[in-house]
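Asker: protein-v2.txt is the file, holding compact mmCIF, C-alpha atoms:
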```txt
# COMPACT_ATOMS: atom_id res chain seq x y z
CA MET S 1 -16.80 29.12 -23.47
CA THR S 2 -17.29 26.10 -25.70
CA SER S 3 -20.82 25.08 -26.65
CA HIS S 4 -22.15 21.56 -26.12
CA ALA S 5 -22.44 21.09 -29.92
CA ALA S 6 -18.84 22.21 -30.46
CA ARG S 7 -17.58 19.77 -27.81
CA ALA S 8 -19.64 16.97 -29.41
CA GLN S 9 -18.16 17.81 -32.82
CA ALA S 10 -14.63 17.62 -31.42
CA ASP S 11 -15.34 14.16 -30.01
CA VAL S 12 -16.72 12.70 -33.26
CA GLU S 13 -14.82 10.33 -35.52
CA ILE S 14 -16.14 9.87 -39.06
CA ARG S 15 -14.96 6.72 -40.80
CA ARG S 16 -16.01 4.27 -43.46
CA LEU S 17 -17.89 1.27 -42.12
CA THR S 18 -16.71 -2.19 -43.14
CA VAL S 19 -18.13 -5.68 -42.82
CA ASP S 20 -16.40 -5.77 -39.42
CA ASP S 21 -19.00 -3.17 -38.36
CA PHE S 22 -21.88 -5.37 -39.49
CA ASP S 23 -23.51 -5.73 -36.05
CA LEU S 24 -23.27 -2.00 -35.33
CA PHE S 25 -24.79 -1.20 -38.73
CA ARG S 26 -27.58 -3.74 -38.31
CA GLU S 27 -28.41 -2.29 -34.89
CA ILE S 28 -28.65 1.32 -36.10
CA ARG S 29 -30.71 0.27 -39.15
CA ALA S 30 -33.11 -1.63 -36.90
CA GLU S 31 -33.49 1.49 -34.76
CA ALA S 32 -34.10 3.65 -37.86
CA LEU S 33 -36.73 1.22 -39.16
CA ARG S 34 -38.42 1.13 -35.75
CA THR S 35 -38.47 4.89 -35.17
CA HIS S 36 -38.95 6.11 -38.75
CA PRO S 37 -40.43 3.28 -40.85
CA GLN S 38 -41.74 5.72 -43.46
CA THR S 39 -38.18 6.84 -44.19
CA PHE S 40 -36.32 3.54 -44.38
CA GLY S 41 -36.96 0.07 -45.64
CA SER S 42 -35.58 -1.73 -48.62
CA ALA S 43 -37.30 -4.68 -50.25
CA GLU S 44 -34.65 -6.90 -48.65
CA GLU S 45 -35.50 -5.56 -45.21
CA ASP S 46 -39.16 -6.29 -45.85
CA GLU S 47 -38.19 -9.90 -46.58
CA GLY S 48 -35.83 -10.08 -43.59
CA GLY S 49 -33.59 -13.07 -43.01
CA GLU S 50 -30.79 -13.85 -45.42
CA ALA S 51 -31.96 -11.34 -48.07
CA MET S 52 -31.65 -8.50 -45.56
CA LEU S 53 -28.28 -9.70 -44.26
CA ALA S 54 -26.95 -10.00 -47.82
CA ALA S 55 -28.12 -6.46 -48.61
CA TYR S 56 -26.37 -5.11 -45.50
CA ARG S 57 -23.13 -6.91 -46.41
CA HIS S 58 -23.36 -5.48 -49.95
CA TRP S 59 -23.95 -1.95 -48.65
CA LEU S 60 -21.00 -2.26 -46.28
CA SER S 61 -18.74 -3.18 -49.21
CA GLY S 62 -19.49 0.29 -50.61
CA ALA S 63 -19.25 3.73 -49.08
CA ILE S 64 -21.19 3.91 -45.83
CA LEU S 65 -19.79 6.34 -43.31
CA GLY S 66 -20.32 6.13 -39.60
CA ALA S 67 -20.10 8.88 -37.01
CA PHE S 68 -18.66 7.59 -33.74
CA VAL S 69 -18.62 9.34 -30.39
CA ARG S 70 -16.33 7.68 -27.87
CA GLY S 71 -16.60 4.43 -29.84
CA ASN S 72 -20.41 4.48 -30.10
CA LEU S 73 -22.02 4.61 -33.55
CA ILE S 74 -24.26 7.69 -33.48
CA GLY S 75 -25.06 8.12 -37.20
CA VAL S 76 -24.66 6.66 -40.68
CA ALA S 77 -24.89 7.83 -44.28
CA GLY S 78 -24.28 5.92 -47.51
CA PHE S 79 -23.27 6.79 -51.06
CA TYR S 80 -23.27 4.84 -54.29
CA VAL S 81 -22.75 5.58 -57.97
CA SER S 82 -25.55 4.66 -60.31
CA PRO S 83 -24.87 1.19 -61.74
CA ALA S 84 -26.36 2.02 -65.18
CA ARG S 85 -23.56 2.88 -67.60
CA ARG S 86 -25.32 5.97 -68.95
CA SER S 87 -26.00 7.27 -65.46
CA GLN S 88 -22.59 6.85 -63.88
CA HIS S 89 -22.19 10.62 -63.68
CA ARG S 90 -24.81 10.49 -60.90
CA GLY S 91 -24.29 9.49 -57.31
CA HIS S 92 -26.87 8.83 -54.63
CA ILE S 93 -26.95 9.40 -50.89
CA PHE S 94 -29.02 6.91 -48.93
CA THR S 95 -29.60 5.43 -45.46
CA VAL S 96 -28.92 8.68 -43.58
CA HIS S 97 -29.79 8.36 -39.91
CA VAL S 98 -28.58 10.04 -36.73
CA ARG S 99 -29.70 8.63 -33.43
CA GLU S 100 -32.06 10.76 -31.37
CA ASN S 101 -29.42 11.60 -28.74
CA GLY S 102 -27.07 12.82 -31.49
CA ARG S 103 -29.45 15.14 -33.30
CA GLY S 104 -28.89 18.87 -33.40
CA LYS S 105 -25.16 18.47 -32.78
CA GLY S 106 -23.91 18.61 -36.37
CA PHE S 107 -23.24 14.89 -36.85
CA GLY S 108 -25.55 14.63 -39.88
CA ASP S 109 -23.90 17.70 -41.38
CA ARG S 110 -20.44 16.17 -40.92
CA LEU S 111 -21.56 12.89 -42.52
CA ILE S 112 -23.00 14.71 -45.56
CA LYS S 113 -19.89 16.88 -45.97
CA GLU S 114 -17.65 13.78 -45.88
CA LEU S 115 -19.84 11.95 -48.41
CA LEU S 116 -19.82 14.97 -50.74
CA ALA S 117 -16.01 15.16 -50.53
CA HIS S 118 -15.90 11.47 -51.47
CA ALA S 119 -18.46 11.93 -54.26
CA GLU S 120 -16.99 15.01 -55.92
CA ALA S 121 -14.07 13.10 -57.43
CA ARG S 122 -16.41 10.40 -58.77
CA VAL S 123 -19.58 12.05 -60.10
CA GLU S 124 -20.98 15.30 -61.49
CA GLN S 125 -24.06 15.37 -59.28
CA VAL S 126 -25.47 13.73 -56.18
CA HIS S 127 -29.15 12.88 -55.68
CA LEU S 128 -31.20 12.00 -52.62
CA GLU S 129 -34.79 11.62 -51.52
CA VAL S 130 -36.17 12.97 -48.26
CA LEU S 131 -39.62 13.02 -46.67
CA LEU S 132 -41.32 16.41 -46.84
CA GLU S 133 -41.81 16.23 -43.06
CA ALA S 134 -38.08 15.79 -42.37
CA THR S 135 -37.45 19.52 -41.99
CA ALA S 136 -34.19 19.22 -40.05
CA ALA S 137 -32.75 16.87 -42.69
CA ILE S 138 -33.90 19.19 -45.48
CA ARG S 139 -32.15 22.13 -43.78
CA THR S 140 -28.95 20.05 -43.52
CA TYR S 141 -29.09 19.12 -47.20
CA LYS S 142 -29.77 22.72 -48.28
CA ARG S 143 -26.85 23.96 -46.14
CA ASN S 144 -24.69 21.53 -48.11
CA GLY S 145 -25.77 22.83 -51.52
CA PHE S 146 -28.70 20.54 -52.32
CA GLU S 147 -31.81 21.94 -53.96
CA VAL S 148 -35.26 20.49 -54.46
CA TYR S 149 -36.01 19.66 -58.09
CA GLY S 150 -39.23 17.73 -57.66
CA THR S 151 -41.69 15.94 -55.44
CA ASP S 152 -42.48 12.25 -55.55
CA PRO S 153 -46.11 12.04 -54.39
CA CYS S 154 -47.15 9.03 -52.32
CA ALA S 155 -43.60 7.68 -52.53
CA VAL S 156 -44.09 5.47 -49.48
CA ARG S 157 -47.21 3.70 -48.22
CA ILE S 158 -47.52 2.18 -44.77
CA GLY S 159 -50.99 0.77 -44.31
CA ASP S 160 -53.40 3.44 -45.48
CA VAL S 161 -50.99 6.35 -44.97
CA THR S 162 -48.82 7.70 -47.79
CA TYR S 163 -45.79 9.97 -47.58
CA ASP S 164 -44.41 12.36 -50.20
CA LYS S 165 -40.69 12.82 -50.78
CA TYR S 166 -38.65 15.69 -52.14
CA LEU S 167 -36.11 14.84 -54.82
CA MET S 168 -32.94 16.83 -54.22
CA VAL S 169 -29.72 17.29 -56.17
CA ARG S 170 -26.29 18.78 -55.54
CA LYS S 171 -24.33 19.56 -58.71
CA PHE S 172 -20.57 19.93 -58.70
CA SER S 173 -18.90 22.57 -60.84
CA HIS S 174 -16.26 20.53 -62.63
```
Please render this file's structure as structure tokens.
Answerer:
Amino acid sequence: MTSHAARAQADVEIRRLTVDDFDLFREIRAEALRTHPQTFGSAEEDEGGEAMLAAYRHWLSGAILGAFVRGNLIGVAGFYVSPARRSQHRGHIFTVHVRENGRGKGFGDRLIKELLAHAEARVEQVHLEVLLEATAAIRTYKRNGFEVYGTDPCAVRIGDVTYDKYLMVRKFSH
């Protein structure tokens, strides 16, 4: 007998998003910002308008993967290499989000595995930040070889509430 999660995994397509996927990306980011504002939100998104749209176009010119189930975008995860010359041995995972109806089915795990495969040929280590409260995400990252190396206290403030983030790293052995 095949489990529901195994069937969902078989139906998933992971592919790189392009500017042609702009509307799909904008929709899933809006959902992420609405449901988890403490996790997401760039300065450009705070400004909105053209600044936000330009940031999204820039991100889509890089490595943002999407998980699709029967043509529907269910999750995203991005990767970039540090732009500073002396830090180009470091990559960063950002904008990871799986829609509520896709959680617990391995989509986030698949996105992280695909990003790490992409990153391994480009960098020596990959960094990410995750809210301390995001226990499912932390488990996914640990399963994929990430370890906590620090805590960023009060990393995010929304009104009077602050949120701490773990700093995590995955080192490659090359």
Asker: Would you kindly return, as a list of chain:residue names, each protein, DNA or RNA residue with an atom no farther than 9 Å from any atom of segment 149-159 of chain S, considering only C-alpha atoms and excluding same-chain residues fewer than 2 positions away?
Answerer: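 Surrounding residues, per the criterion: S:Pro37, S:Gln38, S:Thr39, S:Glu129, S:Leu131, S:Leu132, S:Glu147, S:Val161, S:Thr162, S:Tyr163, S:Asp164, S:Lys165, S:Tyr166, S:Leu167, S:Met168, S:Val169.
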Asker: When distances are computed from only C-alpha atoms, which of S:Glu133, S:Glu50, S:Asp11, S:Glu100 shows the smallest separation from Ile28 of chain S?
Answerer: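 Using only C-alpha atoms, Ile28 of chain S sits closest to S:Glu100.
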Asker: Please indicate the distance in Å from atom CA of Arg15 of chain S to atom CA of Asp109 of chain S, rounded to one decimal place.
Answerer: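 These atoms are spaced 14.2 Å apart.
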Asker: At a cut-off of 10 Å, using all atoms listed in the file, what residues contact Thr140 of chain S? Leave out same-chain residues fewer than 2 positions from it and give the result as a ChimeraX atom specification.
Answerer: /S:106,108-110,112-113,135-138,142-146
Asker: Env of Leu111 of chain S: 8 Å cut, atoms = all atoms listed in the file, seq-sep filter 3 positions within chain, self excluded. Answer as a ChimeraX atom specification.
Answerer: /S:14,65-67,75-77,107-108,114-115
Asker: Restrict the selected residues to C-alpha atoms and save them as a compact mmCIF listing (two decimals), in the coordinates of the input.
Answerer:
```txt
# COMPACT_ATOMS: atom_id res chain seq x y z
CA ILE S 14 -16.14 9.87 -39.06
CA LEU S 65 -19.79 6.34 -43.31
CA GLY S 66 -20.32 6.13 -39.60
CA ALA S 67 -20.10 8.88 -37.01
CA GLY S 75 -25.06 8.12 -37.20
CA VAL S 76 -24.66 6.66 -40.68
CA ALA S 77 -24.89 7.83 -44.28
CA PHE S 107 -23.24 14.89 -36.85
CA GLY S 108 -25.55 14.63 -39.88
CA GLU S 114 -17.65 13.78 -45.88
CA LEU S 115 -19.84 11.95 -48.41
```
Asker: Hey, can you check how far atom CA of Ile74 of chain S sits from atom CA of Val126 of chain S?
Answerer: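 Separation between atom CA of Ile74 of chain S and atom CA of Val126 of chain S: 23.5 Å.
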Asker: Go through S:Ile64, S:Val148, S:Ala121, S:Gly71 one by one, measure the shortest atom-to-atom distance of each to Arg16 of chain S using only C-alpha atoms, and give the residue with the smallest value.
Answerer: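 For Arg16 of chain S, the nearest of the given residues is S:Ile64.
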Asker: Expressed in Å to a single decimal, how great is the separation between atom CA of Lys171 of chain S and atom CA of Pro83 of chain S?
Answerer: 18.6 Å
Asker: Using all atoms listed in the file, which of S:Leu116, S:Val12, S:Met52, S:Leu33 sits nearest Gly102 of chain S?
Answerer: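 Ranked by minimum distance to Gly102 of chain S, first place goes to S:Val12.
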Asker: Show me, as a PyMOL selection string, the residues that have an atom within 10 Å of Arg29 of chain S when counting all atoms listed in the file, minus same-chain residues fewer than 3 positions from it.
Answerer: chain S and resi 23-26+32-35+40-41+45+56+75-76+95-97
Asker: Give the answer as one residue: which of S:Glu31, S:Glu120, S:Leu60, S:Asp160 has the shortest atom-to-atom distance to Leu17 of chain S, using all atoms listed in the file?
Answerer: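 Among the listed residues, S:Leu60 lies closest to Leu17 of chain S.
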Asker: May I have the residues at most 12 Å from (-24.4, 10.9, -61.9) in the file's coordinates, counting all atoms listed in the file, as a list in words?
Answerer: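 The answer, in the requested form, is Phe79, Tyr80, Val81, Ser82, Pro83, Ala84, Arg85, Arg86, Ser87, Gln88, His89, Arg90, Gly91, His92, Ile93, Ala119, Glu120, Ala121, Arg122, Val123, Glu124, Gln125, Val126, His127, Leu128, Val169, Arg170, Lys171 and Phe172 of chain S.
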